[in-house]
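Q: Next up, upload_29.cif (mmCIF, C-alpha atoms and all ligand atoms).
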```
data_target
loop_
_atom_site.label_atom_id
_atom_site.label_comp_id
_atom_site.auth_asym_id
_atom_site.auth_seq_id
_atom_site.Cartn_x
_atom_site.Cartn_y
_atom_site.Cartn_z
CA MET A 202 -15.03 13.01 -9.20
CA SER A 203 -17.68 12.28 -6.59
CA THR A 204 -18.29 15.74 -5.17
CA ARG A 205 -21.84 14.83 -4.16
CA ARG A 206 -20.67 12.14 -1.79
CA LYS A 207 -19.83 12.94 1.79
CA LYS A 208 -16.10 13.01 2.39
CA ILE A 209 -15.13 10.90 5.40
CA TYR A 210 -11.38 11.38 5.37
CA GLU A 211 -8.75 12.88 3.10
CA GLY A 212 -5.20 11.54 3.23
CA LYS A 213 -2.13 12.40 1.21
CA GLY A 214 -2.81 10.06 -1.66
CA LYS A 215 -6.41 8.95 -1.23
CA ILE A 216 -9.85 10.21 -0.20
CA LEU A 217 -12.51 8.12 1.54
CA PHE A 218 -16.15 8.91 0.76
CA GLU A 219 -19.30 7.55 2.28
CA GLY A 220 -20.30 4.33 0.52
CA PRO A 221 -23.67 3.39 -1.00
CA GLU A 222 -24.56 1.05 1.89
CA PRO A 223 -23.74 1.00 5.60
CA GLY A 224 -20.40 -0.64 6.23
CA THR A 225 -18.97 0.41 2.86
CA LEU A 226 -16.77 3.31 1.76
CA ILE A 227 -15.49 4.57 -1.57
CA GLN A 228 -11.73 4.89 -1.85
CA TYR A 229 -10.61 7.53 -4.38
CA PHE A 230 -7.00 7.46 -5.63
CA LYS A 231 -5.51 10.93 -6.15
CA ASP A 232 -2.57 11.88 -8.38
CA ASP A 233 -1.02 13.73 -5.44
CA THR A 234 2.32 12.33 -4.34
CA THR A 235 4.18 13.17 -1.17
CA ALA A 236 7.42 12.01 0.37
CA PHE A 237 9.54 12.75 3.43
CA ASN A 238 6.48 13.41 5.56
CA SER A 239 4.97 15.81 2.98
CA GLU A 240 8.12 17.94 2.61
CA LYS A 241 8.19 16.95 -1.05
CA LYS A 242 4.97 17.11 -3.09
CA ALA A 243 3.92 16.73 -6.70
CA VAL A 244 0.96 15.84 -8.86
CA LEU A 245 1.78 12.91 -11.14
CA GLU A 246 -0.91 12.78 -13.76
CA GLY A 247 -2.50 9.35 -14.04
CA LYS A 248 -0.85 7.90 -10.92
CA GLY A 249 -4.16 7.44 -9.13
CA VAL A 250 -5.58 5.50 -12.05
CA ILE A 251 -2.60 3.13 -12.15
CA ASN A 252 -2.55 2.57 -8.39
CA ASN A 253 -6.30 1.91 -8.35
CA ARG A 254 -5.79 -0.85 -10.93
CA ILE A 255 -2.65 -2.38 -9.40
CA SER A 256 -4.24 -2.41 -5.96
CA GLU A 257 -7.41 -3.99 -7.39
CA TYR A 258 -5.25 -6.65 -9.02
CA PHE A 259 -3.45 -7.65 -5.81
CA MET A 260 -6.45 -7.37 -3.51
CA THR A 261 -8.53 -9.53 -5.85
CA ARG A 262 -5.80 -12.14 -6.21
CA LEU A 263 -5.04 -12.20 -2.49
CA ASN A 264 -8.74 -12.77 -1.84
CA THR A 265 -8.67 -15.83 -4.11
CA ILE A 266 -5.91 -17.36 -1.95
CA GLY A 267 -7.93 -16.72 1.20
CA ILE A 268 -6.44 -13.44 2.38
CA GLN A 269 -9.43 -11.34 3.32
CA ASN A 270 -9.18 -7.65 2.51
CA HIS A 271 -11.32 -4.53 2.32
CA PHE A 272 -11.66 -4.47 -1.48
CA ILE A 273 -15.16 -5.17 -2.83
CA ARG A 274 -14.99 -3.97 -6.44
CA ARG A 275 -13.55 -1.25 -8.62
CA LEU A 276 -16.15 1.37 -9.54
CA ASN A 277 -14.31 3.43 -12.14
CA LEU A 278 -10.84 4.68 -13.11
CA ARG A 279 -10.06 6.20 -9.75
CA GLU A 280 -12.51 4.69 -7.28
CA GLN A 281 -13.07 1.38 -5.55
CA LEU A 282 -15.82 0.22 -3.24
CA ILE A 283 -14.35 -1.05 0.02
CA ARG A 284 -15.56 -2.46 3.30
CA GLU A 285 -15.39 -0.06 6.22
CA LEU A 286 -12.91 -1.32 8.82
CA GLU A 287 -11.73 -0.11 12.18
CA ILE A 288 -8.22 0.83 11.16
CA ILE A 289 -5.34 -0.45 13.29
CA PRO A 290 -3.01 2.60 13.58
CA LEU A 291 0.11 0.75 12.42
CA GLN A 292 2.12 0.39 9.26
CA VAL A 293 3.51 -3.09 8.79
CA VAL A 294 6.68 -3.15 6.68
CA VAL A 295 7.96 -6.41 5.21
CA ARG A 296 11.53 -6.48 3.92
CA ASN A 297 13.27 -9.05 1.73
CA ALA A 298 16.37 -6.97 0.97
CA ALA A 299 17.91 -3.93 2.63
CA ALA A 300 16.82 -0.49 1.39
CA GLY A 301 15.65 2.90 2.61
CA SER A 302 15.45 3.38 6.36
CA LEU A 303 16.79 -0.13 7.14
CA SER A 304 19.92 0.52 5.06
CA ASN A 305 20.39 3.87 6.79
CA ARG A 306 19.82 2.49 10.29
CA PHE A 307 22.22 -0.44 10.01
CA GLY A 308 24.58 0.72 7.26
CA LEU A 309 23.60 -2.05 4.86
CA PRO A 310 24.03 -1.60 1.10
CA GLU A 311 20.70 -1.27 -0.69
CA GLY A 312 19.74 -4.51 -2.37
CA GLN A 313 21.63 -6.78 0.05
CA ALA A 314 19.48 -9.83 0.67
CA LEU A 315 18.37 -10.25 4.28
CA PRO A 316 18.97 -13.59 6.08
CA ARG A 317 15.19 -13.90 6.30
CA SER A 318 12.21 -11.64 5.68
CA ILE A 319 11.93 -9.03 8.41
CA ILE A 320 8.69 -7.47 9.65
CA GLU A 321 8.64 -4.06 11.31
CA PHE A 322 5.85 -1.99 12.84
CA TYR A 323 5.53 1.79 12.63
CA LEU A 324 2.93 3.99 14.31
CA LYS A 325 0.66 5.66 11.78
CA ASP A 326 1.04 9.25 12.93
CA ASP A 327 2.32 11.88 10.52
CA LYS A 328 2.78 14.47 13.25
CA LEU A 329 5.30 12.12 14.88
CA SER A 330 6.79 11.08 11.48
CA ASN A 331 5.59 7.48 11.89
CA PRO A 332 8.02 6.26 14.57
CA MET A 333 9.06 2.62 14.64
CA VAL A 334 7.41 0.72 17.50
CA THR A 335 7.86 -2.67 19.16
CA GLU A 336 5.27 -5.22 20.28
CA GLU A 337 5.71 -3.84 23.80
CA HIS A 338 4.53 -0.38 22.69
CA ILE A 339 1.73 -1.82 20.58
CA THR A 340 0.22 -3.88 23.39
CA ALA A 341 0.93 -1.35 26.21
CA PHE A 342 -0.81 1.45 24.31
CA ASN A 343 -3.56 -0.88 23.08
CA TRP A 344 -3.02 -0.22 19.38
CA ALA A 345 -3.45 -3.97 18.86
CA ASN A 346 -3.45 -7.07 21.05
CA THR A 347 -0.99 -9.98 20.86
CA GLN A 348 -3.37 -12.12 18.80
CA GLU A 349 -3.80 -9.29 16.30
CA ILE A 350 -0.02 -8.81 16.11
CA ASP A 351 0.39 -12.55 15.42
CA ASP A 352 -2.35 -12.38 12.76
CA MET A 353 -0.78 -9.33 11.08
CA MET A 354 2.64 -11.04 11.00
CA ALA A 355 1.29 -14.31 9.62
CA LEU A 356 -0.80 -12.51 6.98
CA SER A 357 2.14 -10.26 6.04
CA LEU A 358 4.39 -13.27 5.40
CA ARG A 359 1.73 -14.97 3.24
CA ILE A 360 1.19 -11.72 1.33
CA ASN A 361 4.97 -11.41 0.89
CA ASP A 362 5.20 -14.94 -0.56
CA PHE A 363 2.37 -14.26 -2.96
CA MET A 364 3.58 -10.83 -4.06
CA SER A 365 7.24 -11.88 -4.37
CA GLY A 366 6.09 -14.70 -6.64
CA ALA A 367 3.77 -12.54 -8.72
CA PHE A 368 6.42 -9.85 -9.24
CA GLY A 369 9.26 -12.35 -9.67
CA ALA A 370 7.37 -14.05 -12.50
CA VAL A 371 7.39 -10.79 -14.47
CA GLY A 372 11.04 -9.90 -13.79
CA ILE A 373 10.48 -7.55 -10.85
CA THR A 374 12.15 -8.04 -7.44
CA LEU A 375 10.05 -7.13 -4.41
CA ILE A 376 12.56 -5.44 -2.07
CA ASP A 377 10.10 -4.30 0.61
CA PHE A 378 6.53 -3.03 1.07
CA LYS A 379 4.11 -1.53 3.56
CA LEU A 380 0.74 -2.91 4.61
CA GLU A 381 -2.10 -1.63 6.76
CA PHE A 382 -4.72 -3.69 8.50
CA GLY A 383 -8.10 -3.11 10.09
CA ARG A 384 -10.69 -4.93 12.16
CA LEU A 385 -13.83 -6.29 10.56
CA TRP A 386 -16.45 -6.64 13.26
CA GLU A 387 -19.07 -9.36 13.24
CA ASN A 388 -21.21 -9.03 16.35
CA ASP A 389 -18.76 -9.08 19.26
CA PHE A 390 -15.89 -10.60 17.30
CA SER A 391 -13.37 -8.86 15.09
CA ARG A 392 -11.07 -10.29 12.48
CA VAL A 393 -7.84 -8.75 11.15
CA VAL A 394 -8.29 -7.84 7.49
CA LEU A 395 -5.89 -6.26 4.97
CA ALA A 396 -6.73 -2.62 4.13
CA ASP A 397 -5.33 0.43 2.31
CA GLU A 398 -3.55 -0.21 -1.02
CA ILE A 399 -0.81 -2.24 -2.64
CA SER A 400 0.94 -0.22 -5.36
CA PRO A 401 4.32 1.14 -6.47
CA ASP A 402 3.69 3.91 -3.90
CA THR A 403 3.87 1.36 -1.08
CA CYS A 404 6.40 -1.16 -2.44
CA ARG A 405 10.04 -1.06 -3.50
CA LEU A 406 10.21 -2.79 -6.87
CA TRP A 407 13.47 -3.32 -8.76
CA GLU A 408 13.74 -4.52 -12.33
CA SER A 409 15.36 -7.91 -11.76
CA GLN A 410 18.00 -7.71 -14.53
CA THR A 411 18.97 -4.03 -14.52
CA LEU A 412 18.14 -3.31 -10.84
CA GLU A 413 16.40 -0.12 -12.02
CA LYS A 414 13.89 1.25 -9.52
CA MET A 415 10.27 1.05 -10.69
CA ASP A 416 8.57 2.49 -7.59
CA LYS A 417 8.11 5.65 -5.54
CA ASP A 418 11.87 5.99 -5.00
CA ARG A 419 11.89 7.42 -8.55
CA PHE A 420 9.93 10.35 -7.11
CA ARG A 421 11.68 10.48 -3.70
CA ARG A 422 15.12 10.49 -5.34
CA ASP A 423 14.30 12.59 -8.44
CA LEU A 424 15.09 9.76 -10.84
CA GLY A 425 12.41 10.83 -13.34
CA ASP A 426 10.01 8.73 -15.44
CA VAL A 427 7.83 7.94 -12.43
CA ILE A 428 4.58 7.33 -14.35
CA GLU A 429 6.40 5.45 -17.10
CA ASN A 430 7.76 3.01 -14.53
CA TYR A 431 4.43 2.59 -12.70
CA THR A 432 2.82 1.92 -16.07
CA GLU A 433 5.48 -0.67 -16.89
CA VAL A 434 4.79 -2.45 -13.57
CA ALA A 435 1.09 -2.60 -14.50
CA ARG A 436 1.88 -3.73 -18.06
CA ARG A 437 4.10 -6.57 -16.85
CA LEU A 438 1.38 -7.72 -14.46
CA GLY A 439 -0.88 -7.93 -17.51
CA ILE A 440 -3.22 -5.14 -16.48
CA MET A 441 -4.11 -1.79 -18.00
CA LYS A 442 -3.12 -2.59 -21.54
CA GLU A 443 -5.04 0.50 -22.64
CA MET A 444 -3.24 2.69 -20.12
CA PRO A 445 -0.55 4.54 -22.14
CA THR A 446 -3.05 6.08 -24.56
CA VAL A 447 -5.53 6.85 -21.79
CA ILE A 448 -2.83 8.71 -19.88
CA GLN A 449 -1.77 10.73 -22.89
CA GLY A 450 -5.36 11.84 -23.34
CA GLY A 451 -5.37 13.25 -19.81
CA LEU A 452 -7.27 11.87 -16.87
CA HIS A 453 -9.27 13.74 -14.32
N1 LIG A 501 6.38 2.96 3.04
C1 LIG A 501 5.11 3.44 2.75
N2 LIG A 501 4.62 4.48 3.47
C2 LIG A 501 5.31 5.07 4.49
C3 LIG A 501 6.60 4.57 4.79
C4 LIG A 501 7.12 3.53 4.04
O1 LIG A 501 4.44 2.93 1.85
O2 LIG A 501 4.78 6.00 5.12
C5 LIG A 501 6.94 1.84 2.27
C6 LIG A 501 8.08 2.28 1.36
O3 LIG A 501 7.59 2.61 0.08
C7 LIG A 501 8.94 1.05 1.31
C8 LIG A 501 8.72 0.38 2.66
O4 LIG A 501 7.50 0.91 3.17
O5 LIG A 501 8.47 0.18 0.30
C9 LIG A 501 9.84 0.60 3.66
O6 LIG A 501 10.07 1.98 3.78
P1 LIG A 501 11.30 2.54 4.66
O7 LIG A 501 11.06 2.21 6.10
O8 LIG A 501 12.57 2.09 4.07
O9 LIG A 501 11.13 4.09 4.62
P2 LIG A 501 11.58 5.15 3.53
O10 LIG A 501 13.00 4.87 3.18
O11 LIG A 501 10.62 4.95 2.40
O12 LIG A 501 11.36 6.45 4.25
#
```
Can the structure from this file be put into structure tokens for me?

A:
Amino acid sequence: MSTRRKKIYEGKGKILFEGPEPGTLIQYFKDDTTAFNSEKKAVLEGKGVINNRISEYFMTRLNTIGIQNHFIRRLNLREQLIRELEIIPLQVVVRNAAAGSLSNRFGLPEGQALPRSIIEFYLKDDKLSNPMVTEEHITAFNWANTQEIDDMMALSLRINDFMSGAFGAVGITLIDFKLEFGRLWENDFSRVVLADEISPDTCRLWESQTLEKMDKDRFRRDLGDVIENYTEVARRLGIMKEMPTVIQGGLH
């Protein structure tokens, strides 16, 4: 672990360190797992390694289809070099089928297909338990402007198409997921760029035939075999073929 580097920020699942050049950061993936606004915590050995690789996979592939993101390159098992962005304090959730808070709010059975993909915004603020917000709140409080909201929605739908296809091709249904965006400044202009991570911690992924959950709901709902399922997601995507033995040997 990079103890010599200056820590910029420590979140629940990741740490940001100063990067080697101005405008870069190092994103370190921890094994720590939290749910229900940190009421439930655990250390899942090897999780950070898997999420680093799955996130690398999607960020790299999204970049090849023209979706700019903060990922530059993976440095090692747990770290990636990223571009420093001005983070937009919102979580953007894209839903293809009902689950979680949407099912609870509207009484919809989990797994019920939605008439169309739905995008929701939540304020990134743990102290307030990430309340849902509307465009009115976002623009009134200057968290983002209308152009940035449009950009985030358009990018989120393109990302949803790509990810639904990539998962669908390996027998996994993408139920919903969460994205975060930031601003990349070039002189006086900023562009909305995808940030954070894409992993089974931030997506709901159901095995298409059995409807078994392969994501963080296994932890939230005490279903067991969390790492086994994350590893299976990575294996189906064709990454981390060496992973099972590496995990058994212990990773730190
Ligand atoms: N999500 C996330 N981080 C959060 C909240 C939600 O990554 O802080 C993801 C979650 O894993 C799911 C999607 O966003 O894939 C929608 O979550 P939901 O609103 O249903 O909330 P939950 O039921 O997870 O509390």

Q: Set the cut-off to 6 Å, count all atoms listed in the file, and list whatever residues fall near ligand LIG 501 (chain A) as number ranges by chain.

A: A: 294, 300-303, 377-379, 402-405

Q: So which residues touch Leu291 of chain A within 9 Å, counting all atoms listed in the file, skipping near sequence neighbours fewer than 2 positions away, as number ranges by chain?

A: A: 288-289, 293, 322-326, 331, 334, 339, 344-345, 380-382

Q: Can you pull out the residues contacting Phe272 of chain A? Cut-off 8 Å, using all atoms listed in the file, and skip same-chain residues under 6 positions away; I want them as a PyMOL selection string.

A: chain A and resi 257+260-261+281-284+396

Q: Once you count all atoms listed in the file, what closest atom pair and distance in Å to one decimal does each residue of segment 325-407 of chain A within 8 Å of segment 433-439 of chain A have, with rows by chain and rising residue number, as a Markdown table?

A:
```
| residue | atom | partner | partner_atom | distance |
| --- | --- | --- | --- | --- |
| A:Ala367 | CA | A:Leu438 | CA | 7.9 |
| A:Phe368 | CA | A:Leu438 | CA | 7.6 |
| A:Val371 | CA | A:Arg437 | CA | 5.9 |
| A:Pro401 | CA | A:Val434 | CA | 8.0 |
```

Q: Applying 10 Å and all atoms listed in the file, which residues near Gly220 of chain A remain after dropping the ones on its own chain fewer than 3 positions away? List them as a list in words.

A: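 Everything that qualifies: Arg206, Lys207, Lys208, Ile209, Leu217, Pro223, Gly224, Thr225, Leu226, Ile227, Gln228, Gln281, Leu282, Ile283, Arg284 and Glu285 of chain A.
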
Q: Under the rule that all atoms listed in the file are counted, which of A:Leu375, A:Val393, A:Met441, A:Leu358 is the nearest residue to Met415 of chain A?

A: A:Leu375

Q: Between A:Lys248, A:Gln292, A:Gly212, A:Asn238, which one has atoms that come closest to Asp416 of chain A, using all atoms listed in the file?

A: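 Among A:Lys248, A:Gln292, A:Gly212, A:Asn238, it is A:Lys248 that comes nearest to Asp416 of chain A.
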
Q: I'd like the contact shell of Leu245 of chain A - 9 Å cut-off, only C-alpha atoms, skipping same-chain residues fewer than 3 positions apart - returned as JSON, numbers by chain.

A: {"A": [232, 233, 234, 248, 249, 427, 428]}

Q: Just how far from atom CA of Pro332 of chain A is atom CA of Leu406 of chain A, in Å to one decimal?

A: 23.4 Å
